[in-house]
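S.K.: Handing over my_file27.cif, mmCIF, C-alpha atoms and all ligand atoms.
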data_query
loop_
_atom_site.label_atom_id
_atom_site.label_comp_id
_atom_site.auth_asym_id
_atom_site.auth_seq_id
_atom_site.Cartn_x
_atom_site.Cartn_y
_atom_site.Cartn_z
CA MET A 1 9.80 -84.31 -92.13
CA SER A 2 7.70 -84.70 -89.02
CA ASN A 3 6.01 -81.62 -87.54
CA LEU A 4 6.65 -82.81 -84.03
CA LYS A 5 8.34 -80.62 -81.49
CA ALA A 6 9.90 -81.77 -78.23
CA ALA A 7 8.16 -80.06 -75.32
CA ILE A 8 9.26 -79.95 -71.71
CA THR A 9 6.22 -81.32 -69.86
CA GLY A 10 7.70 -81.33 -66.35
CA ILE A 11 10.70 -80.20 -64.35
CA GLN A 12 11.99 -81.18 -60.94
CA GLY A 13 15.11 -80.31 -59.01
CA TRP A 14 16.80 -81.63 -55.91
CA VAL A 15 19.56 -80.25 -53.71
CA PRO A 16 21.18 -81.77 -50.62
CA ASP A 17 20.34 -80.31 -47.18
CA TYR A 18 23.88 -79.40 -46.10
CA VAL A 19 24.64 -75.70 -46.61
CA LEU A 20 28.28 -74.69 -47.01
CA ASP A 21 28.24 -70.91 -46.60
CA ASN A 22 30.94 -68.32 -47.14
CA LYS A 23 31.55 -68.04 -43.40
CA GLU A 24 32.45 -71.73 -43.20
CA LEU A 25 34.75 -71.36 -46.23
CA GLU A 26 36.50 -68.49 -44.43
CA GLN A 27 37.54 -71.10 -41.83
CA MET A 28 38.82 -73.49 -44.52
CA VAL A 29 40.83 -71.27 -46.91
CA ASP A 30 42.21 -67.74 -47.09
CA THR A 31 39.11 -65.98 -48.36
CA THR A 32 36.33 -63.65 -47.24
CA ASP A 33 32.58 -63.51 -47.62
CA ASP A 34 33.03 -60.08 -49.19
CA TRP A 35 35.51 -61.30 -51.85
CA ILE A 36 33.34 -64.28 -52.81
CA THR A 37 30.14 -62.22 -52.93
CA THR A 38 31.55 -59.37 -54.99
CA ARG A 39 33.60 -61.53 -57.40
CA THR A 40 31.02 -64.31 -57.94
CA GLY A 41 27.63 -63.48 -56.37
CA ILE A 42 27.73 -66.72 -54.34
CA LYS A 43 26.72 -66.80 -50.66
CA GLU A 44 26.25 -70.52 -50.12
CA ARG A 45 26.21 -73.88 -51.87
CA ARG A 46 24.77 -77.33 -51.07
CA ILE A 47 26.99 -80.35 -50.38
CA LEU A 48 25.95 -83.99 -50.60
CA LYS A 49 27.12 -85.66 -47.40
CA GLY A 50 26.86 -89.36 -46.65
CA LYS A 51 29.02 -92.34 -47.47
CA GLY A 52 28.25 -94.11 -50.72
CA LEU A 53 26.06 -91.34 -52.13
CA GLY A 54 26.79 -90.04 -55.61
CA THR A 55 25.37 -88.14 -58.55
CA SER A 56 22.82 -90.85 -59.38
CA ASP A 57 21.27 -90.51 -55.91
CA MET A 58 20.57 -86.81 -56.47
CA ALA A 59 19.24 -87.51 -59.97
CA VAL A 60 16.95 -90.23 -58.62
CA GLU A 61 15.47 -87.82 -56.06
CA ALA A 62 14.73 -85.31 -58.84
CA ILE A 63 13.26 -87.96 -61.12
CA LYS A 64 10.97 -89.36 -58.42
CA GLY A 65 9.33 -85.94 -58.21
CA LEU A 66 9.31 -85.58 -61.99
CA LEU A 67 7.53 -88.90 -62.56
CA LYS A 68 4.92 -88.00 -59.95
CA LYS A 69 4.34 -84.53 -61.41
CA THR A 70 4.01 -85.81 -64.97
CA ASN A 71 1.99 -88.87 -63.92
CA THR A 72 4.48 -91.18 -65.59
CA HIS A 73 5.13 -94.82 -64.75
CA PRO A 74 8.89 -95.58 -64.84
CA GLU A 75 8.36 -98.28 -67.47
CA GLU A 76 6.91 -95.68 -69.87
CA VAL A 77 10.26 -93.85 -70.03
CA ASP A 78 12.13 -94.84 -73.19
CA LEU A 79 15.34 -92.79 -72.98
CA ILE A 80 17.40 -91.19 -70.21
CA ILE A 81 20.30 -88.84 -70.99
CA CYS A 82 22.40 -87.77 -68.03
CA ALA A 83 24.59 -84.69 -68.40
CA THR A 84 27.32 -84.87 -65.79
CA VAL A 85 31.05 -84.47 -65.19
CA THR A 86 30.87 -86.42 -61.95
CA PRO A 87 29.45 -89.81 -62.95
CA ASP A 88 29.04 -92.35 -60.14
CA MET A 89 31.96 -94.22 -61.70
CA GLN A 90 33.95 -94.14 -64.97
CA PHE A 91 31.60 -96.76 -66.35
CA PRO A 92 28.86 -97.80 -66.64
CA ALA A 93 26.96 -94.63 -67.39
CA THR A 94 25.15 -92.90 -64.54
CA ALA A 95 22.06 -92.87 -66.78
CA ASN A 96 22.07 -96.69 -66.62
CA ILE A 97 22.41 -96.65 -62.85
CA VAL A 98 19.58 -94.13 -62.57
CA ALA A 99 17.36 -96.22 -64.86
CA ASP A 100 17.91 -99.24 -62.63
CA LYS A 101 17.27 -97.31 -59.43
CA ILE A 102 13.96 -95.84 -60.66
CA GLY A 103 12.78 -99.03 -62.40
CA ALA A 104 12.87 -97.61 -65.95
CA LYS A 105 13.19 -101.10 -67.40
CA ASN A 106 12.31 -100.09 -70.97
CA ALA A 107 14.68 -97.15 -71.24
CA PHE A 108 18.07 -97.04 -72.84
CA GLY A 109 20.37 -94.29 -71.70
CA TYR A 110 23.78 -92.73 -71.74
CA ASP A 111 25.82 -89.96 -70.20
CA LEU A 112 26.86 -86.82 -71.98
CA ASN A 113 29.88 -84.79 -70.97
CA ALA A 114 30.04 -81.21 -72.16
CA ALA A 115 31.04 -79.79 -68.77
CA CYS A 116 28.90 -76.81 -67.77
CA SER A 117 27.14 -76.79 -71.17
CA GLY A 118 26.10 -80.41 -70.73
CA PHE A 119 22.47 -79.75 -69.95
CA ILE A 120 21.83 -77.70 -73.09
CA TYR A 121 23.78 -80.21 -75.22
CA ALA A 122 21.71 -83.06 -73.70
CA LEU A 123 18.43 -81.22 -74.12
CA THR A 124 19.19 -80.59 -77.78
CA THR A 125 20.27 -84.19 -78.37
CA ALA A 126 17.19 -85.55 -76.61
CA SER A 127 14.89 -83.28 -78.62
CA LYS A 128 15.99 -85.03 -81.83
CA PHE A 129 14.81 -88.42 -80.55
CA VAL A 130 11.42 -86.87 -79.77
CA GLU A 131 11.06 -84.81 -82.97
CA THR A 132 11.60 -87.88 -85.14
CA GLY A 133 8.68 -89.58 -83.38
CA THR A 134 10.74 -92.55 -82.25
CA HIS A 135 10.77 -91.70 -78.54
CA LYS A 136 7.76 -90.50 -76.53
CA LYS A 137 9.02 -89.97 -73.00
CA VAL A 138 12.60 -88.85 -72.63
CA ILE A 139 14.21 -87.72 -69.38
CA VAL A 140 17.13 -85.29 -69.50
CA ILE A 141 19.12 -85.01 -66.28
CA GLY A 142 21.66 -82.36 -65.34
CA ALA A 143 23.41 -83.48 -62.16
CA ASP A 144 26.75 -83.11 -60.46
CA LYS A 145 28.32 -83.90 -57.14
CA MET A 146 31.03 -81.30 -57.66
CA SER A 147 32.20 -81.69 -54.05
CA SER A 148 33.65 -85.06 -55.11
CA ILE A 149 36.20 -83.37 -57.41
CA ILE A 150 36.86 -80.10 -55.56
CA ASP A 151 40.04 -79.40 -53.64
CA TYR A 152 38.90 -77.73 -50.43
CA THR A 153 42.40 -76.30 -49.94
CA ASP A 154 42.24 -74.39 -53.26
CA ARG A 155 40.51 -71.06 -52.75
CA ALA A 156 40.38 -70.39 -56.48
CA THR A 157 37.88 -73.22 -57.06
CA CYS A 158 36.35 -74.40 -53.78
CA ILE A 159 34.33 -71.22 -53.31
CA ILE A 160 32.53 -71.66 -56.62
CA PHE A 161 31.04 -75.13 -56.87
CA GLY A 162 28.15 -76.97 -55.23
CA ASP A 163 26.08 -80.14 -55.63
CA GLY A 164 22.62 -80.48 -57.15
CA ALA A 165 20.44 -82.11 -59.77
CA GLY A 166 17.53 -81.35 -62.04
CA ALA A 167 15.55 -83.37 -64.55
CA VAL A 168 13.04 -82.57 -67.28
CA MET A 169 10.58 -84.72 -69.19
CA LEU A 170 10.46 -84.24 -72.95
CA GLU A 171 7.42 -85.38 -74.93
CA PRO A 172 6.25 -84.88 -78.52
CA THR A 173 3.71 -82.20 -79.37
CA GLU A 174 2.22 -80.85 -82.57
CA ASP A 175 1.77 -77.40 -81.00
CA GLU A 176 4.26 -74.64 -81.76
CA VAL A 177 5.93 -75.02 -78.35
CA GLY A 178 8.99 -76.83 -77.04
CA ILE A 179 12.61 -76.75 -78.13
CA MET A 180 12.55 -74.32 -81.05
CA ASP A 181 16.24 -73.86 -81.85
CA ALA A 182 19.76 -74.40 -80.54
CA VAL A 183 23.23 -73.06 -81.25
CA LEU A 184 25.99 -75.21 -79.81
CA HIS A 185 29.73 -74.66 -80.02
CA ALA A 186 32.97 -76.25 -78.88
CA ASP A 187 36.64 -75.36 -78.98
CA GLY A 188 38.87 -78.08 -77.59
CA SER A 189 41.90 -75.81 -77.44
CA GLY A 190 40.25 -74.35 -74.33
CA ARG A 191 40.77 -77.63 -72.46
CA HIS A 192 44.03 -76.35 -70.94
CA PHE A 193 42.22 -73.76 -68.83
CA LEU A 194 39.59 -75.94 -67.13
CA HIS A 195 40.05 -79.66 -66.58
CA GLN A 196 40.91 -82.52 -64.27
CA LYS A 197 44.54 -83.44 -64.79
CA ALA A 198 44.50 -87.09 -63.78
CA GLY A 199 42.15 -90.03 -63.67
CA GLY A 200 41.62 -90.38 -67.41
CA SER A 201 43.44 -92.63 -69.89
CA VAL A 202 46.31 -90.18 -70.41
CA LYS A 203 47.17 -90.06 -66.72
CA PRO A 204 45.55 -92.88 -64.81
CA ALA A 205 45.38 -92.67 -61.04
CA THR A 206 48.63 -93.41 -59.21
CA THR A 207 49.87 -92.59 -55.74
CA GLU A 208 51.77 -89.67 -57.32
CA THR A 209 48.69 -88.18 -59.01
CA VAL A 210 46.76 -88.39 -55.76
CA LEU A 211 49.56 -86.78 -53.76
CA ALA A 212 49.86 -84.03 -56.39
CA ARG A 213 46.09 -83.37 -55.98
CA GLU A 214 45.55 -83.89 -59.70
CA HIS A 215 42.11 -85.46 -59.38
CA TYR A 216 40.49 -82.14 -58.58
CA VAL A 217 39.12 -79.37 -60.80
CA TYR A 218 41.88 -77.17 -62.20
CA GLN A 219 40.77 -73.77 -63.49
CA GLU A 220 42.54 -70.69 -64.78
CA GLY A 221 39.63 -68.51 -63.77
CA LYS A 222 40.58 -65.26 -65.49
CA THR A 223 40.98 -66.89 -68.92
CA VAL A 224 37.78 -68.88 -68.58
CA PHE A 225 35.98 -65.74 -67.46
CA LYS A 226 37.17 -63.81 -70.52
CA PHE A 227 35.83 -66.42 -72.95
CA ALA A 228 32.64 -67.09 -70.95
CA VAL A 229 31.67 -63.46 -70.71
CA SER A 230 31.84 -62.92 -74.47
CA GLU A 231 30.78 -66.33 -75.85
CA MET A 232 27.75 -66.93 -73.64
CA ALA A 233 26.41 -63.53 -74.67
CA ASN A 234 27.30 -64.13 -78.35
CA ALA A 235 25.36 -67.41 -78.36
CA ALA A 236 22.34 -65.85 -76.66
CA VAL A 237 22.28 -62.90 -79.07
CA ASP A 238 22.80 -65.24 -82.03
CA ILE A 239 19.78 -67.35 -81.13
CA MET A 240 17.66 -64.23 -80.65
CA ASN A 241 18.66 -62.93 -84.10
CA ARG A 242 18.10 -66.29 -85.82
CA ASN A 243 14.57 -66.41 -84.41
CA GLN A 244 13.76 -62.70 -84.79
CA LEU A 245 13.34 -62.33 -81.04
CA THR A 246 13.63 -58.83 -79.58
CA ALA A 247 14.48 -58.29 -75.92
CA ASP A 248 10.75 -57.67 -75.32
CA ASP A 249 9.92 -61.05 -76.83
CA VAL A 250 12.17 -62.85 -74.34
CA ALA A 251 10.23 -63.73 -71.19
CA TRP A 252 13.20 -65.30 -69.39
CA LEU A 253 16.93 -65.68 -69.71
CA VAL A 254 17.97 -68.96 -68.05
CA PRO A 255 21.75 -68.70 -67.73
CA HIS A 256 24.30 -71.19 -66.46
CA GLN A 257 25.19 -70.01 -62.96
CA ALA A 258 29.00 -69.72 -63.01
CA ASN A 259 29.47 -66.13 -61.98
CA LYS A 260 26.93 -63.34 -61.44
CA ARG A 261 29.11 -60.99 -63.51
CA ILE A 262 28.93 -63.33 -66.52
CA ILE A 263 25.15 -63.57 -66.15
CA ASP A 264 24.78 -59.78 -65.93
CA ALA A 265 26.97 -59.28 -69.01
CA THR A 266 24.86 -61.75 -71.01
CA ALA A 267 21.58 -60.12 -69.98
CA ASN A 268 23.06 -56.74 -70.80
CA ARG A 269 24.12 -57.77 -74.32
CA MET A 270 20.66 -59.24 -74.94
CA GLY A 271 19.00 -56.05 -73.66
CA VAL A 272 17.01 -58.13 -71.16
CA SER A 273 16.24 -56.50 -67.80
CA THR A 274 17.32 -58.20 -64.57
CA ASP A 275 13.75 -59.05 -63.51
CA LYS A 276 13.64 -61.46 -66.48
CA VAL A 277 16.81 -63.32 -65.53
CA MET A 278 16.70 -66.50 -63.44
CA ILE A 279 19.46 -66.24 -60.82
CA ASN A 280 19.93 -68.55 -57.84
CA ILE A 281 23.74 -68.60 -57.82
CA GLU A 282 23.74 -66.96 -54.38
CA ARG A 283 22.16 -70.09 -52.86
CA TYR A 284 23.62 -72.95 -54.90
CA GLY A 285 26.86 -71.70 -56.48
CA ASN A 286 27.90 -73.45 -59.69
CA THR A 287 26.37 -76.94 -59.77
CA THR A 288 27.77 -77.46 -63.32
CA ASN A 289 25.09 -79.51 -65.12
CA GLY A 290 22.53 -78.77 -62.43
CA THR A 291 22.35 -74.99 -62.79
CA ILE A 292 19.85 -74.57 -65.64
CA PRO A 293 17.33 -77.25 -64.59
CA LEU A 294 17.51 -75.98 -60.99
CA CYS A 295 16.57 -72.51 -62.24
CA LEU A 296 13.69 -73.85 -64.35
CA TRP A 297 12.46 -75.83 -61.33
CA GLU A 298 12.50 -72.82 -59.01
CA TRP A 299 10.80 -70.54 -61.54
CA GLU A 300 8.34 -73.14 -62.90
CA HIS A 301 5.32 -71.60 -61.17
CA GLN A 302 6.00 -68.25 -62.88
CA LEU A 303 6.22 -69.70 -66.40
CA GLN A 304 3.29 -69.39 -68.79
CA LYS A 305 2.52 -71.42 -71.88
CA GLY A 306 4.05 -69.62 -74.87
CA ASP A 307 6.77 -67.83 -72.89
CA ASN A 308 10.01 -67.48 -74.84
CA LEU A 309 12.99 -68.75 -72.84
CA VAL A 310 16.63 -68.42 -73.82
CA LEU A 311 18.93 -70.90 -72.09
CA ALA A 312 22.64 -70.06 -72.28
CA ALA A 313 25.75 -71.78 -70.99
CA PHE A 314 29.53 -71.80 -71.15
CA GLY A 315 31.88 -74.40 -69.72
CA GLY A 316 34.98 -76.56 -69.85
CA GLY A 317 36.09 -77.79 -73.23
CA PHE A 318 35.44 -75.05 -74.08
CA THR A 319 31.78 -75.70 -74.80
CA TRP A 320 29.02 -73.12 -75.06
CA GLY A 321 25.70 -72.36 -76.66
CA ALA A 322 22.09 -71.28 -76.31
CA VAL A 323 18.71 -72.96 -76.66
CA TYR A 324 15.42 -71.24 -77.49
CA ILE A 325 12.37 -72.81 -75.84
CA LYS A 326 8.72 -71.87 -76.10
CA TRP A 327 7.33 -72.99 -72.73
CA ALA A 328 4.65 -75.65 -73.16
CA TYR A 329 2.40 -75.49 -70.10
CA ASN A 330 0.91 -73.45 -67.28
CA THR A 331 1.51 -74.86 -63.83
O1 LIG B 401 31.21 -72.87 -65.11
C1 LIG B 401 32.30 -73.20 -65.90
C2 LIG B 401 32.98 -72.02 -66.43
N1 LIG B 401 33.64 -71.30 -65.37
C3 LIG B 401 33.49 -69.99 -65.28
O2 LIG B 401 32.76 -69.41 -66.03
C4 LIG B 401 34.31 -69.30 -64.23
C5 LIG B 401 34.94 -68.07 -64.80
N2 LIG B 401 35.84 -67.40 -63.89
C6 LIG B 401 35.41 -66.73 -62.79
O3 LIG B 401 34.24 -66.75 -62.46
C7 LIG B 401 36.43 -65.90 -62.04
O4 LIG B 401 37.60 -65.84 -62.79
C8 LIG B 401 36.75 -66.40 -60.61
C9 LIG B 401 35.56 -66.21 -59.70
C10 LIG B 401 37.14 -67.87 -60.67
C11 LIG B 401 37.91 -65.60 -60.03
O5 LIG B 401 37.61 -64.23 -60.05
P1 LIG B 401 38.61 -63.18 -60.71
O6 LIG B 401 38.01 -61.87 -60.50
O7 LIG B 401 38.91 -63.59 -62.09
O8 LIG B 401 39.87 -63.32 -59.76
P2 LIG B 401 41.37 -63.69 -60.15
O9 LIG B 401 41.50 -65.16 -60.36
O10 LIG B 401 41.89 -62.78 -61.21
O11 LIG B 401 42.08 -63.32 -58.81
C12 LIG B 401 42.17 -61.95 -58.35
C13 LIG B 401 42.86 -61.94 -56.99
C14 LIG B 401 44.18 -62.72 -56.99
O12 LIG B 401 45.05 -62.07 -56.10
P3 LIG B 401 46.22 -61.12 -56.66
O13 LIG B 401 47.04 -61.99 -57.57
O14 LIG B 401 45.51 -60.02 -57.39
O15 LIG B 401 46.92 -60.70 -55.41
C15 LIG B 401 43.80 -64.05 -56.42
O16 LIG B 401 44.85 -64.70 -55.79
O17 LIG B 401 42.01 -62.57 -56.03
C16 LIG B 401 42.74 -63.66 -55.41
N3 LIG B 401 41.79 -64.70 -55.11
C17 LIG B 401 41.08 -64.74 -53.97
N4 LIG B 401 41.04 -63.93 -52.92
C18 LIG B 401 40.18 -64.23 -51.93
C19 LIG B 401 41.46 -65.77 -55.88
N5 LIG B 401 40.53 -66.51 -55.25
C20 LIG B 401 40.29 -65.89 -54.06
C21 LIG B 401 39.42 -66.18 -52.98
N6 LIG B 401 39.40 -65.31 -51.95
N7 LIG B 401 38.60 -67.24 -52.97
#
I need this file expressed as structure tokens, please.
M.R.:
Amino acid sequence: MSNLKAAITGIQGWVPDYVLDNKELEQMVDTTDDWITTRTGIKERRILKGKGLGTSDMAVEAIKGLLKKTNTHPEEVDLIICATVTPDMQFPATANIVADKIGAKNAFGYDLNAACSGFIYALTTASKFVETGTHKKVIVIGADKMSSIIDYTDRATCIIFGDGAGAVMLEPTEDEVGIMDAVLHADGSGRHFLHQKAGGSVKPATTETVLAREHYVYQEGKTVFKFAVSEMANAAVDIMNRNQLTADDVAWLVPHQANKRIIDATANRMGVSTDKVMINIERYGNTTNGTIPLCLWEWEHQLQKGDNLVLAAFGGGFTWGAVYIKWAYNT
């Protein structure tokens, strides 16, 4: 067994300029700023505008900054994993498109779909390539252009989601830092409550599916909320117990940003005070795979080498889990 750990050695995020705020949504659907704020914590979200722009374009912007920060030449990158539910196209993988766009000629890559838990699934998967010593520079992307699959006539979903991307570099280290542990779960029977009805092999696109608006996100919010609020907290508490971490030991909770009430419940169960919770849901909404790396990016300057971070997520599938990271560097 190798003693290598996979350490995050850089993080970069990117969000589009266009701000879709609650006031604008009030003009689009029957909702209010007050309802959205109290039920979700969201005030605004970013939307990628521009013809021909997709998830890979946001990922590329994040990676450009990441390569610069980590002083990495694109040809040094040997693996790219892209967590997304909004790939540029059904195939090939967005990771391949990104690799081409950034000139990562020596990297292989693939996409990973675990809905809102995708980033923690991808981070865990990537860490295995690094820990075995076979891969030295691995980029994990969490990116989604959710606006491409949101029905802006459906008030139950359009108020929640936004666009954004984040990317981390993983490299091997012999220090006791990096990805320390992960608990990942899935329960496919939850698929009925959060999915896209058409566009897959079961129901390919037809005029009827388009007219029935079946290519958009469908969510039974209350049911998803019920599972998310208990399982995200269970996973976070589980990883703390497995690693003998008390609430005092946890420097930061980095939660998926689906709903402020779910985040608060998770922090509460962990016994972690609000000043140790990364929350930017009010500005970006739920960017699906982008939420956790966008938090890490915005808090990077406050992180210290050795800090214990607990990442936690819940999403469609259902999928959920938590990752324990010992932060590897001071900015
Ligand atoms: O990230 C992936 C995982 N996803 C999640 O974790 C999301 C989990 N779910 C949620 O965050 C919440 O369920 C929502 C934010 C989606 C909805 O909040 P809720 O408190 O569960 O509301 P609800 O769906 O139970 O709806 C309550 C009421 C309903 O009206 P009636 O039936 O009580 O008259 C809805 O029609 O609020 C109504 N409503 C709205 N009203 C104003 C639903 N959406 C809206 C809206 N504006 N946008």
S.K.: Between A:Lys101, A:Arg242, A:Lys260, A:Lys203, single out the one closest to Asn286 (chain A), counting all atoms listed in the file.
M.R.: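 Among A:Lys101, A:Arg242, A:Lys260, A:Lys203, it is A:Lys260 that comes nearest to Asn286 (chain A).
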S.K.: Provide the CA of Ala267 (chain A) to CA of Leu25 (chain A) distance in Å, to one decimal place.
M.R.: 29.4 Å
S.K.: Have a look at atom O1 of ligand LIG 401 (chain B) and CA of Ala165 (chain A) and let me know their distance in Å, one decimal.
M.R.: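 A separation of 15.2 Å between them.
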S.K.: Pick out the closest residue to Ile239 (chain A) from this set: A:Ala104, A:Ile36, A:Ala212, A:Leu253. Count only C-alpha atoms.
M.R.: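 For Ile239 (chain A), the nearest of the given residues is A:Leu253.
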S.K.: Using all atoms listed in the file, determine which residues lie at most 8 Å from Gln219 (chain A), disregarding the query and same-chain residues fewer than 6 positions distant; provide the list as a VMD selection string.
M.R.: chain A and resid 156 to 157 193 to 195
S.K.: Find the smallest box with edges along x, y and z containing every listed atom of ligand LIG 401 (chain B), then add 6 Å on each side and report centre and edge lengths in Å to one decimal, as lines of an AutoDock Vina configuration file.
M.R.:
center_x = 39.1
center_y = -66.6
center_z = -59.2
size_x = 27.8
size_y = 25.2
size_z = 26.5
S.K.: Identify which of the residues A:Val250, A:Ala198, A:Ala258, A:Leu311 lies closest to Ala182 (chain A), counting only C-alpha atoms when measuring atom-to-atom distances.
M.R.: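 Comparing A:Val250, A:Ala198, A:Ala258, A:Leu311 against Ala182 (chain A), the winner is A:Leu311.
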S.K.: Any chance you could tabulate, as CSV, the residues of chain A at most 8 Å from ligand LIG 401 (chain B) with each one's nearest atom pair and distance in Å to one decimal, using all atoms listed in the file, in chain and rising number order?
M.R.:
residue,atom,partner,partner_atom,distance
A:Val29,CA,B:LIG401,N7,7.6
A:Asp30,CA,B:LIG401,N6,6.1
A:Thr31,CA,B:LIG401,N6,3.7
A:Thr32,CA,B:LIG401,N6,5.9
A:Trp35,CA,B:LIG401,C18,5.5
A:Ile36,CA,B:LIG401,N7,6.0
A:Arg39,CA,B:LIG401,O6,5.4
A:Thr40,CA,B:LIG401,C9,5.2
A:Ala115,CA,B:LIG401,C1,7.3
A:Cys116,CA,B:LIG401,O1,5.3
A:Arg155,CA,B:LIG401,N7,4.3
A:Ala156,CA,B:LIG401,N5,4.1
A:Thr157,CA,B:LIG401,C10,6.5
A:Cys158,CA,B:LIG401,N7,7.5
A:Ile159,CA,B:LIG401,N7,5.8
A:Ile160,CA,B:LIG401,C9,7.0
A:Leu194,CA,B:LIG401,C2,7.7
A:Gln219,CA,B:LIG401,C10,7.5
A:Glu220,CA,B:LIG401,O9,7.2
A:Gly221,CA,B:LIG401,O4,3.5
A:Lys222,CA,B:LIG401,O4,4.1
A:Thr223,CA,B:LIG401,O4,7.1
A:Val224,CA,B:LIG401,C5,4.8
A:Phe225,CA,B:LIG401,C5,3.7
A:Lys226,CA,B:LIG401,C5,7.5
A:Ala228,CA,B:LIG401,O2,5.4
A:Val229,CA,B:LIG401,O2,7.6
A:His256,CA,B:LIG401,O1,7.2
A:Gln257,CA,B:LIG401,O1,7.0
A:Ala258,CA,B:LIG401,O1,4.4
A:Asn259,CA,B:LIG401,O3,4.8
A:Arg261,CA,B:LIG401,O3,7.8
A:Ile262,CA,B:LIG401,O2,7.2
A:Asn286,CA,B:LIG401,O1,6.4
A:Thr288,CA,B:LIG401,O1,6.0
A:Phe314,CA,B:LIG401,C2,5.9
A:Gly315,CA,B:LIG401,C1,4.0
A:Gly316,CA,B:LIG401,C1,5.8
S.K.: With distances taken over only C-alpha atoms, which of A:Asp187, A:Asp57, A:Asp34, A:Asp307 is nearest to Asp163 (chain A)?
M.R.: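 Smallest distance to Asp163 (chain A) is found for A:Asp57.
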